[in-house]
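What's in query_13.cif: mmCIF, C-alpha atoms
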data_upload
loop_
_atom_site.label_atom_id
_atom_site.label_comp_id
_atom_site.auth_asym_id
_atom_site.auth_seq_id
_atom_site.Cartn_x
_atom_site.Cartn_y
_atom_site.Cartn_z
CA MET F 1 -18.87 -15.08 5.67
CA ASN F 2 -20.01 -13.64 2.40
CA ARG F 3 -19.42 -15.56 -0.84
CA LEU F 4 -17.49 -12.59 -2.28
CA THR F 5 -15.20 -12.70 0.76
CA TYR F 6 -14.24 -16.26 -0.07
CA ILE F 7 -13.62 -15.32 -3.68
CA GLY F 8 -11.38 -12.41 -2.62
CA ILE F 9 -9.44 -14.56 -0.15
CA THR F 10 -8.95 -17.22 -2.83
CA ILE F 11 -7.65 -14.70 -5.37
CA ALA F 12 -5.27 -13.18 -2.79
CA ALA F 13 -4.05 -16.64 -1.76
CA VAL F 14 -3.40 -17.61 -5.39
CA LEU F 15 -1.42 -14.41 -5.96
CA ILE F 16 0.63 -14.93 -2.80
CA VAL F 17 1.41 -18.54 -3.68
CA ALA F 18 2.29 -17.52 -7.25
CA ALA F 19 4.61 -14.80 -5.94
CA ILE F 20 6.36 -17.12 -3.50
CA PHE F 21 6.83 -19.97 -5.96
CA ALA F 22 7.39 -17.83 -9.08
CA PRO F 23 10.62 -19.55 -10.17
CA LEU F 24 8.87 -22.93 -10.04
CA ILE F 25 5.64 -21.80 -11.71
CA ALA F 26 7.07 -19.69 -14.55
CA THR F 27 7.20 -21.58 -17.82
CA HIS F 28 9.81 -19.41 -19.58
CA ASP F 29 12.61 -16.97 -18.83
CA ILE F 30 11.05 -13.55 -18.32
CA TYR F 31 13.88 -11.78 -20.12
CA ALA F 32 14.22 -14.16 -23.08
CA VAL F 33 13.41 -12.32 -26.31
CA ASP F 34 12.08 -14.35 -29.24
CA THR F 35 11.15 -11.95 -32.03
CA ALA F 36 9.95 -14.81 -34.19
CA ALA F 37 7.22 -15.58 -31.62
CA ARG F 38 5.90 -12.03 -31.26
CA PHE F 39 2.21 -11.57 -30.43
CA THR F 40 1.33 -15.25 -30.30
CA GLY F 41 -2.09 -16.14 -28.95
CA PHE F 42 -3.15 -18.17 -25.97
CA PHE F 43 -1.68 -21.67 -25.60
CA THR F 44 0.62 -21.28 -28.59
CA ASN F 45 4.08 -22.90 -28.54
CA GLY F 46 3.88 -23.49 -24.78
CA HIS F 47 3.01 -19.86 -24.00
CA TRP F 48 -0.12 -20.09 -21.82
CA LEU F 49 -1.09 -16.43 -22.21
CA GLY F 50 0.81 -15.72 -25.41
CA THR F 51 3.72 -13.37 -25.93
CA ASP F 52 4.26 -9.62 -26.05
CA SER F 53 5.80 -7.40 -28.74
CA LEU F 54 9.30 -8.77 -28.03
CA GLY F 55 8.23 -12.40 -27.87
CA ARG F 56 8.50 -12.65 -24.07
CA ASP F 57 6.14 -15.01 -22.26
CA ILE F 58 3.28 -13.03 -20.67
CA PHE F 59 2.36 -15.68 -18.07
CA SER F 60 5.90 -15.86 -16.69
CA ARG F 61 6.14 -12.08 -16.54
CA MET F 62 2.81 -11.89 -14.69
CA VAL F 63 3.93 -14.47 -12.14
CA PHE F 64 7.15 -12.60 -11.40
CA GLY F 65 5.27 -9.29 -11.45
CA ALA F 66 3.12 -10.56 -8.58
CA ARG F 67 6.23 -10.51 -6.39
CA ILE F 68 6.84 -6.83 -7.03
CA SER F 69 3.17 -5.95 -6.57
CA LEU F 70 2.97 -7.72 -3.25
CA GLU F 71 6.25 -6.23 -2.06
CA VAL F 72 5.07 -2.71 -2.85
CA GLY F 73 1.58 -3.24 -1.47
CA ILE F 74 2.60 -4.84 1.80
CA SER F 75 5.52 -2.54 2.55
CA VAL F 76 3.61 0.66 1.72
CA THR F 77 0.66 -0.43 3.83
CA LEU F 78 2.78 -1.37 6.84
CA VAL F 79 4.94 1.75 6.78
CA SER F 80 2.06 4.13 6.02
CA ALA F 81 -0.11 2.60 8.73
CA GLY F 82 2.71 2.80 11.26
CA ILE F 83 3.53 6.42 10.51
CA GLY F 84 -0.12 7.44 10.26
CA MET F 85 -1.13 5.78 13.51
CA VAL F 86 1.69 7.44 15.44
CA ILE F 87 1.01 10.92 14.04
CA GLY F 88 -2.77 10.53 14.40
CA ALA F 89 -2.44 9.32 17.98
CA ILE F 90 -0.19 12.26 18.84
CA ALA F 91 -2.63 14.73 17.28
CA GLY F 92 -5.64 13.25 19.05
CA PHE F 93 -3.98 12.72 22.42
CA TYR F 94 -2.34 16.09 22.89
CA GLY F 95 -4.96 18.25 21.20
CA GLY F 96 -4.51 22.02 21.29
CA TRP F 97 -1.88 23.54 19.05
CA VAL F 98 -0.33 20.12 18.30
CA ASP F 99 -3.64 18.86 16.91
CA LYS F 100 -4.23 22.12 15.10
CA PHE F 101 -0.84 21.96 13.42
CA LEU F 102 -0.98 18.27 12.52
CA SER F 103 -4.63 17.85 11.53
CA GLY F 104 -5.33 21.42 10.52
CA TYR F 105 -2.26 22.12 8.44
CA LEU F 106 -0.12 19.04 7.78
CA PHE F 107 -2.97 16.67 6.91
CA ASN F 108 -4.59 19.24 4.63
CA VAL F 109 -1.35 19.90 2.74
CA PHE F 110 -1.12 16.23 1.81
CA LEU F 111 -4.84 15.96 1.07
CA ALA F 112 -4.81 19.04 -1.16
CA PHE F 113 -3.07 17.19 -4.00
CA PRO F 114 -4.29 14.06 -5.75
CA GLY F 115 -2.33 11.16 -4.27
CA LEU F 116 -1.36 9.49 -7.52
CA LEU F 117 -0.26 12.76 -9.09
CA LEU F 118 1.88 13.56 -6.06
CA ALA F 119 3.43 10.07 -6.14
CA ILE F 120 4.28 10.41 -9.83
CA ALA F 121 5.86 13.82 -9.20
CA MET F 122 7.90 12.47 -6.30
CA VAL F 123 9.15 9.49 -8.31
CA ALA F 124 10.07 11.85 -11.15
CA PHE F 125 11.96 14.01 -8.67
CA LEU F 126 13.65 11.12 -6.81
CA GLY F 127 14.46 9.07 -9.89
CA PRO F 128 13.64 5.51 -10.89
CA GLY F 129 13.76 2.58 -8.51
CA LEU F 130 11.44 0.36 -6.53
CA GLU F 131 12.62 1.70 -3.18
CA LYS F 132 11.96 5.27 -4.27
CA LEU F 133 8.47 4.32 -5.44
CA ILE F 134 7.75 2.70 -2.08
CA PHE F 135 9.09 5.79 -0.30
CA ALA F 136 6.92 8.11 -2.40
CA LEU F 137 3.79 6.05 -1.78
CA CYS F 138 4.52 5.93 1.96
CA ILE F 139 4.94 9.70 2.11
CA ILE F 140 1.48 10.29 0.68
CA GLY F 141 -0.29 7.23 2.12
CA TRP F 142 -0.01 7.88 5.84
CA VAL F 143 -2.60 10.69 5.95
CA GLY F 144 -5.65 8.45 5.73
CA TYR F 145 -4.46 6.30 8.60
CA ALA F 146 -3.61 9.39 10.66
CA ARG F 147 -7.08 10.86 10.23
CA VAL F 148 -8.77 7.63 11.31
CA MET F 149 -6.45 7.22 14.30
CA ARG F 150 -6.94 10.83 15.39
CA GLY F 151 -10.71 10.39 15.28
CA GLN F 152 -10.54 7.20 17.34
CA VAL F 153 -8.27 8.78 19.94
CA LEU F 154 -10.60 11.80 20.20
CA LYS F 155 -13.53 9.43 20.70
CA VAL F 156 -11.78 7.36 23.38
CA ARG F 157 -10.69 10.54 25.20
CA GLU F 158 -14.34 11.25 25.96
CA TYR F 159 -15.20 7.82 27.41
CA ASP F 160 -16.23 7.77 31.05
CA PHE F 161 -13.34 5.63 32.25
CA VAL F 162 -10.84 8.04 30.69
CA GLN F 163 -12.56 11.02 32.28
CA ALA F 164 -12.56 9.19 35.65
CA ALA F 165 -8.84 8.42 35.33
CA ARG F 166 -8.15 12.08 34.59
CA ALA F 167 -10.18 13.16 37.62
CA LEU F 168 -8.32 10.72 39.87
CA ARG F 169 -4.97 11.87 38.53
CA ARG F 170 -5.72 15.53 39.33
CA GLU F 171 -6.31 14.87 43.03
#

Could I get this file's structure written as structure tokens?
Amino acid sequence: MNRLTYIGITIAAVLIVAAIFAPLIATHDIYAVDTAARFTGFFTNGHWLGTDSLGRDIFSRMVFGARISLEVGISVTLVSAGIGMVIGAIAGFYGGWVDKFLSGYLFNVFLAFPGLLLAIAMVAFLGPGLEKLIFALCIIGWVGYARVMRGQVLKVREYDFVQAARALRRE
């Protein structure tokens, strides 16, 4: 494998381990406010990465933030891929007006708007909350998976063994 692949796997593994063992790794309470220790630098008073404007430990907040980032990333990817693969497979398999509606109209509606802008608008409409953010990202994230799946299904439909199976079925 490529050297950059190993570096990426190592970084991902460190983030996953940090997210899982966040309560054991964090050096301070993430909500503890210490206004006397505002904006301290690296390795000052036991704060490995310093403190923020309220005196909260940045390292501890980053470790616990990894949990939320992984939760959002994994759940959005799984749900979007599941929805997109089903819709893309339906569009590619049935073809005709189903494909025209799904890939010609529905996909293009979602692709017409910038994804991040649409997600921000949906979260503003739905209100705050992690579940609503995940829902909004899933709603706009499935289109890419659907397009890839539709293309693969259209390609497989033209293979010789599929054409032979169709010919045998018609007899």

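Put simply, CA of Val63 (chain F) is 11.9 Å away from CA of Trp48 (chain F).
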
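Checking F:Ala165, F:Leu130, F:Ala89, F:Leu111 one by one against Arg150 (chain F), counting all atoms listed in the file, you find the shortest gap at F:Ala89.
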
**Request:** Mind checking which residues fall within 12 Å of Asn108 (chain F), counting only C-alpha atoms, ignoring those fewer than 3 positions away in the same chain, and posting them as a PyMOL selection string?
**Result:** chain F and resi 100-105+111-114+140+143-144+146-147

Please expand the PyMOL selection byres ((chain F and resi 27-39) around 9) into the concrete residues it hits in this file, giving the result as an mmCIF file with C-alpha atoms, in the frame of the given file.
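Output saved as out_33.cif:
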data_model
loop_
_atom_site.group_PDB
_atom_site.id
_atom_site.type_symbol
_atom_site.label_atom_id
_atom_site.label_comp_id
_atom_site.auth_asym_id
_atom_site.auth_seq_id
_atom_site.Cartn_x
_atom_site.Cartn_y
_atom_site.Cartn_z
ATOM 1 C CA PRO F 23 10.620 -19.550 -10.170
ATOM 2 C CA LEU F 24 8.870 -22.930 -10.040
ATOM 3 C CA ILE F 25 5.640 -21.800 -11.710
ATOM 4 C CA ALA F 26 7.070 -19.690 -14.550
ATOM 5 C CA THR F 40 1.330 -15.250 -30.300
ATOM 6 C CA GLY F 41 -2.090 -16.140 -28.950
ATOM 7 C CA ASN F 45 4.080 -22.900 -28.540
ATOM 8 C CA GLY F 46 3.880 -23.490 -24.780
ATOM 9 C CA HIS F 47 3.010 -19.860 -24.000
ATOM 10 C CA TRP F 48 -0.120 -20.090 -21.820
ATOM 11 C CA GLY F 50 0.810 -15.720 -25.410
ATOM 12 C CA THR F 51 3.720 -13.370 -25.930
ATOM 13 C CA ASP F 52 4.260 -9.620 -26.050
ATOM 14 C CA SER F 53 5.800 -7.400 -28.740
ATOM 15 C CA LEU F 54 9.300 -8.770 -28.030
ATOM 16 C CA GLY F 55 8.230 -12.400 -27.870
ATOM 17 C CA ARG F 56 8.500 -12.650 -24.070
ATOM 18 C CA ASP F 57 6.140 -15.010 -22.260
ATOM 19 C CA ILE F 58 3.280 -13.030 -20.670
ATOM 20 C CA PHE F 59 2.360 -15.680 -18.070
ATOM 21 C CA SER F 60 5.900 -15.860 -16.690
ATOM 22 C CA ARG F 61 6.140 -12.080 -16.540
ATOM 23 C CA PHE F 64 7.150 -12.600 -11.400
#

List the spatial neighbours of Ile139 (chain F) as a list of chain:residue names - criterion: any atom at most 10 Å away, all atoms listed in the file, same-chain residues fewer than 5 positions off excluded. F:Val76, F:Val79, F:Ser80, F:Ile83, F:Gly84, F:Phe110, F:Gly115, F:Leu118, F:Ala119, F:Met122, F:Leu133, F:Ile134

Could you please take those selected residues and save C-alpha atoms as an mmCIF file, keeping the file's coordinate frame?
data_model
loop_
_atom_site.group_PDB
_atom_site.id
_atom_site.type_symbol
_atom_site.label_atom_id
_atom_site.label_comp_id
_atom_site.auth_asym_id
_atom_site.auth_seq_id
_atom_site.Cartn_x
_atom_site.Cartn_y
_atom_site.Cartn_z
ATOM 1 C CA VAL F 76 3.610 0.660 1.720
ATOM 2 C CA VAL F 79 4.940 1.750 6.780
ATOM 3 C CA SER F 80 2.060 4.130 6.020
ATOM 4 C CA ILE F 83 3.530 6.420 10.510
ATOM 5 C CA GLY F 84 -0.120 7.440 10.260
ATOM 6 C CA PHE F 110 -1.120 16.230 1.810
ATOM 7 C CA GLY F 115 -2.330 11.160 -4.270
ATOM 8 C CA LEU F 118 1.880 13.560 -6.060
ATOM 9 C CA ALA F 119 3.430 10.070 -6.140
ATOM 10 C CA MET F 122 7.900 12.470 -6.300
ATOM 11 C CA LEU F 133 8.470 4.320 -5.440
ATOM 12 C CA ILE F 134 7.750 2.700 -2.080
#

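Between CA of Ala81 (chain F) and CA of Met149 (chain F) the interatomic distance comes to 9.6 Å.
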
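Reported to one decimal place, the separation of CA of Thr5 (chain F) from CA of Thr77 (chain F) is 20.3 Å.
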
One residue among F:Met1, F:Ile87, F:Leu106, F:Met62 is nearest to Val148 (chain F) when using all atoms listed in the file, and that residue is F:Ile87

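Residue nearest Leu78 (chain F), chosen from F:Tyr94, F:Trp142, F:Phe107, F:Phe21 and counting only C-alpha atoms: F:Trp142.
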
Worksheet entry | Contacts of Val153 (chain F) within 9 Å, only C-alpha atoms, excl. fewer than 5 positions in-chain, as JSON, numbers by chain | {"F": [88, 89, 90, 91, 92, 93, 148, 158]}

Can you tell me, as a PDB file with C-alpha atoms, in the coordinates of the input, what residues are no more than 9 Å from Glu131 (chain F) when counting only C-alpha atoms, ignoring any on the same chain fewer than 4 positions away?
ATOM      1  CA  VAL F  72       5.070  -2.710  -2.850  1.00  0.00           C
ATOM      2  CA  PHE F 135       9.090   5.790  -0.300  1.00  0.00           C
ATOM      3  CA  ALA F 136       6.920   8.110  -2.400  1.00  0.00           C
TER       4      ALA F 136
END
